[in-house]
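Here is the structure we will look at, set down as structure tokens.
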Amino acid sequence: MNARGAYLTPGTRVARVGLYVFGALVCAFLLLPILAVVPLSFNAGAFLSYPLSGVSLRWYEDLFGSSGWSTAFCNSLVVAAATTALATPLGTLAALGLARLSSKLKPLMIALLLAPMFVPVIIVAVAVYYLFAPLGLAHSFLGLVLGHTILATPFVVIVVHATLRGFDVSLLRAASSLGAPPLTVLRRILLPLIAPGVFAAAVFAFTTSFDEIVLALLLAGAGQKTLPLQMFDGVHDQISPAITAAATLLFLLSVLLLWMVELMRRRRARLFGGTVEES
Amino acid sequence: MPALEASLSTGLHQPSDAGSLRRALRRGERGRKRMALALIVPLALFLLVSFLVPIALLLARGFTEREVPQIWPATAAALRAWDGTGLPDKAVASLFVEDLVASRRSGQLSTAASRLNYAVPGARTLVIRTAVALPLPPGSEPLAGLIQLDPRWGERETWAAMRQAAHGYTGFYLLAALDLRTDADGQVQPVPQEQAVFIDVFARTFWISAVVAALCALFGYPLAYMLANLPERVAHVLLVFVLVPFWTSVLVRTAAWMVLLQDRGLINDLLRDLGLIAEPLQLIYNRTGVYIAMTHVLLPYFVLPLYAVMKCVPAATQRAALSLGATPLQTFWRVYFPQTAPGAAAGALIVFILALGYYITPALVGGPEDQMISYFIAFYTNQSLNWGMAAALSLVLLAATLLLLLVHGRLSGRRELTMR
């Protein structure tokens, strides 16, 4: 960039300013709509518009006072936690396997393991519902967790696989050659080194389930209403102002989770001596 | 590999010559592969059972007839034997009358009646009214009796539709998904204009996806270019603007747009205060809302991979072009753009593929005329319980998705797994 500074002509300068302005506008388009909702959630009036008619926490009180929202929050938490507990080990093992696979099987395996990411969710949802309904799993927590696990595992595979790319295999060989049994190598060398990646993968799995709605629309019964379903009801016909409070809280949670993943990425970079490329 | 290394270094199987070394290597290689597969098997098996098999079962359902063969078994067998010319003989009609009575008693009448309704509008009412009016007056001939109840029993089309639904397998749903049907003579024909919906819905789905992909490319390419060419420190701060929406739930983002785009929402208020408009613009529950919200949701999927591609473009190629006398515009257009165009095309295609399957966003911010194919799949699944139709529409959507994924694979080459 700096090296090219020497070649700058006035025309290029104008083009560059134009680029920055356009880039800033696109950035604003991406983030501002979400941020604009935050102050509205503190509005004392019932209108979803500026200027605020006073600051109050009434919509948050509505949210916490309603049994519908708290039940939905608990349901989402349970389903997301169970999905994480199931998807993380499954995906991590598969990623470890993929990294060791170097045959013609590899592209086939990658295609299978990542397929749930690319098949339209509605098809996954209908198919799973079609299989689960006769088995009595359609309106159950187990069915919802299994369905979310299908959607979450590709993310775990990708994140852990990316971690392994910066991994120095000779560490494992060194441990083995010094006489460590395979299980010890796994426990003492491999797992501590990939732990940040696995943790980031777990956060991905959690978010996938926590935000998922299409599968939930079909698979959740009245007893398994999740947070996204509750929100869906809240915006479907008329938008209730309490939605802005819920959206604000969910947005903060997303930022927190993103921050955790970023922290893990930095830790990983440190563990691997900064050799890890951005993944 | 560790096993091999260990065995070599501990000297337990110290190879004495080249041949045994090769064998040891091969053994190690096989062990490594087996180990790798053993690690993958749990997830592969899980996905096979809970993902691939259900999709296969669902798609197969789109080619199966269940209702008529199961609920009216005797009639179905008799209809399969009928040659389809004229009207079926009175034996068929009498079996049908018996099956109607039996199915009404078992409570399955309306399921079978609904199936006929898919092929012949109004058939559901016809069948149920007929069943309620039974038994026929004593001594009357069954076919004549049915015709007396409703003249439509005297039409070949009614019986031909029943005959089509009486076979175990069917192309009916797939044809219907393409706005086609077979007439009484078995010829494939377009359905009447007023019943044709799906070609329209598919065209709309493709069009919305294409517009959203184009908008993402239009907004995303300059943004990714800017991010890739800014100093690392600044770029990382700006990346937050892309990553935060990427991590925020689609529902939260859609809800945010619903708040902003309403008649009395922020955007309309702002435009009115600026004196640009007198009346609020209709920005939501129409195509505009769908384009805005879907572009917002999918833009990070375009920017993040393209940013990664652009970071890998060697700066030396541009310096070389400039030092050889190219203008900055030429440098961009003839050196930089060709190196990043495949990445941009791959990104736009991914956005297109993801958009094809979108359901929630158009359902919330679109009007009735903006619903995409996923909406209809969901509708047939949880509202009209028409599994065959849901399956056939899924098949068409899935086929389009897989085809485009193949194209995407070609575009992006055999790159390793990457994300963000």
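Scheme for the structure tokens: letters A, B, ... for chains in order shown; per-chain residue numbers from 1; ligand numbers from 1 in order shown.
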
Compile the residues of chain A that lie within 6 Å of chain B, evaluated using only C-alpha atoms, and express the compilation as number ranges by chain.
A: 23, 27, 31, 34, 49, 90, 93-94, 97, 100-101, 120, 127-128, 131, 173, 176-177, 211, 247, 251, 254

I'd like the neighbourhood of segment 184-188 of chain A as a JSON list (two decimals) with all heavy atoms, in the first residue's frame, where a residue qualifies if any of its atoms comes within 9 Å (using only C-alpha atoms), though same-chain residues fewer than 4 positions away should be ignored.
[["chain", "number", "residue", "atom", "x", "y", "z"],
["A", 172, "LEU", "N", 3.49, -34.74, 17.69],
["A", 172, "LEU", "CA", 2.92, -36.04, 18.02],
["A", 172, "LEU", "C", 3.96, -37.13, 17.83],
["A", 172, "LEU", "O", 4.08, -38.06, 18.64],
["A", 172, "LEU", "CB", 1.71, -36.33, 17.14],
["A", 172, "LEU", "CG", 0.54, -35.36, 17.23],
["A", 172, "LEU", "CD1", -0.60, -35.84, 16.37],
["A", 172, "LEU", "CD2", 0.08, -35.22, 18.67],
["A", 173, "ARG", "N", 4.71, -37.00, 16.73],
["A", 173, "ARG", "CA", 5.74, -38.02, 16.47],
["A", 173, "ARG", "C", 6.78, -38.00, 17.56],
["A", 173, "ARG", "O", 7.24, -39.06, 18.01],
["A", 173, "ARG", "CB", 6.40, -37.74, 15.13],
["A", 173, "ARG", "CG", 5.46, -38.02, 13.99],
["A", 173, "ARG", "CD", 6.14, -37.87, 12.67],
["A", 173, "ARG", "NE", 5.13, -37.88, 11.63],
["A", 173, "ARG", "CZ", 5.33, -37.40, 10.42],
["A", 173, "ARG", "NH1", 6.51, -36.88, 10.10],
["A", 173, "ARG", "NH2", 4.38, -37.45, 9.53],
["A", 175, "ALA", "N", 6.40, -37.16, 20.65],
["A", 175, "ALA", "CA", 5.84, -37.79, 21.85],
["A", 175, "ALA", "C", 5.85, -39.30, 21.71],
["A", 175, "ALA", "O", 6.27, -40.04, 22.61],
["A", 175, "ALA", "CB", 4.43, -37.28, 22.10],
["A", 176, "SER", "N", 5.42, -39.79, 20.52],
["A", 176, "SER", "CA", 5.37, -41.23, 20.30],
["A", 176, "SER", "C", 6.76, -41.83, 20.36],
["A", 176, "SER", "O", 6.99, -42.87, 20.98],
["A", 176, "SER", "CB", 4.76, -41.54, 18.93],
["A", 176, "SER", "OG", 3.43, -41.14, 18.91],
["A", 180, "ALA", "N", 5.46, -42.42, 24.43],
["A", 180, "ALA", "CA", 4.11, -42.18, 24.95],
["A", 180, "ALA", "C", 3.10, -43.03, 24.20],
["A", 180, "ALA", "O", 3.12, -43.08, 22.98],
["A", 180, "ALA", "CB", 3.76, -40.70, 24.79],
["A", 192, "PRO", "N", -4.62, -30.48, 24.35],
["A", 192, "PRO", "CA", -4.32, -29.12, 24.83],
["A", 192, "PRO", "C", -4.03, -28.16, 23.68],
["A", 192, "PRO", "O", -4.39, -26.99, 23.75],
["A", 192, "PRO", "CB", -3.08, -29.32, 25.70],
["A", 192, "PRO", "CG", -3.09, -30.75, 26.08],
["A", 192, "PRO", "CD", -3.73, -31.48, 24.94],
["A", 193, "LEU", "N", -3.41, -28.66, 22.62],
["A", 193, "LEU", "CA", -3.04, -27.77, 21.52],
["A", 193, "LEU", "C", -4.25, -27.37, 20.69],
["A", 193, "LEU", "O", -4.32, -26.25, 20.19],
["A", 193, "LEU", "CB", -1.99, -28.43, 20.63],
["A", 193, "LEU", "CG", -0.57, -28.34, 21.18],
["A", 193, "LEU", "CD1", 0.38, -29.20, 20.36],
["A", 193, "LEU", "CD2", -0.08, -26.90, 21.20]]

Test item: residues at most 10 Å from segment 56-68 of chain A, only C-alpha atoms, excluding those fewer than 4 positions along its chain, as a VMD selection string:
chain A and resid 40 to 46 52 72 to 73 225 to 227 230 240 to 246 248 to 249

May I have all residues of segment 2-135 of chain A that DSSP, computed from the backbone, assigns to alpha helix (DSSP H), given as a PyMOL selection string?
chain A and resi 2-5+10-40+58-65+67-100+105-118+121-135

Among listed residues B:Gln193, B:Gly347, B:His236, B:Pro338, nearest Glu262 of chain A (using only C-alpha atoms):
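The shortest atom-to-atom distance to Glu262 of chain A comes from B:His236.
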
Would you list the contacts of Ser106 of chain B as a PDB file with N, CA, C and O atoms, in the first residue's frame, taking every protein, DNA or RNA residue within 10 Å and counting only C-alpha atoms, but skipping same-chain residues closer than 5 positions in sequence?
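What landed in around-v8.pdb:
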ATOM      1  N   ILE B  71     -56.165 -47.128   1.084  1.00  0.00           N
ATOM      2  CA  ILE B  71     -57.468 -46.886   1.689  1.00  0.00           C
ATOM      3  C   ILE B  71     -58.588 -47.568   0.907  1.00  0.00           C
ATOM      4  O   ILE B  71     -59.565 -48.036   1.485  1.00  0.00           O
ATOM      5  N   LEU B 100     -65.765 -47.177  -0.335  1.00  0.00           N
ATOM      6  CA  LEU B 100     -66.166 -45.869   0.184  1.00  0.00           C
ATOM      7  C   LEU B 100     -66.782 -46.018   1.564  1.00  0.00           C
ATOM      8  O   LEU B 100     -66.414 -45.289   2.506  1.00  0.00           O
ATOM      9  N   VAL B 101     -67.701 -46.969   1.683  1.00  0.00           N
ATOM     10  CA  VAL B 101     -68.383 -47.184   2.957  1.00  0.00           C
ATOM     11  C   VAL B 101     -67.365 -47.584   4.034  1.00  0.00           C
ATOM     12  O   VAL B 101     -67.358 -47.037   5.140  1.00  0.00           O
TER      13      VAL B 101
END

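With distances restricted to only C-alpha atoms, B:Ala161 is the closest residue to Ala123 of chain B from B:Val313, B:Ala161, B:Val188, B:Leu175.
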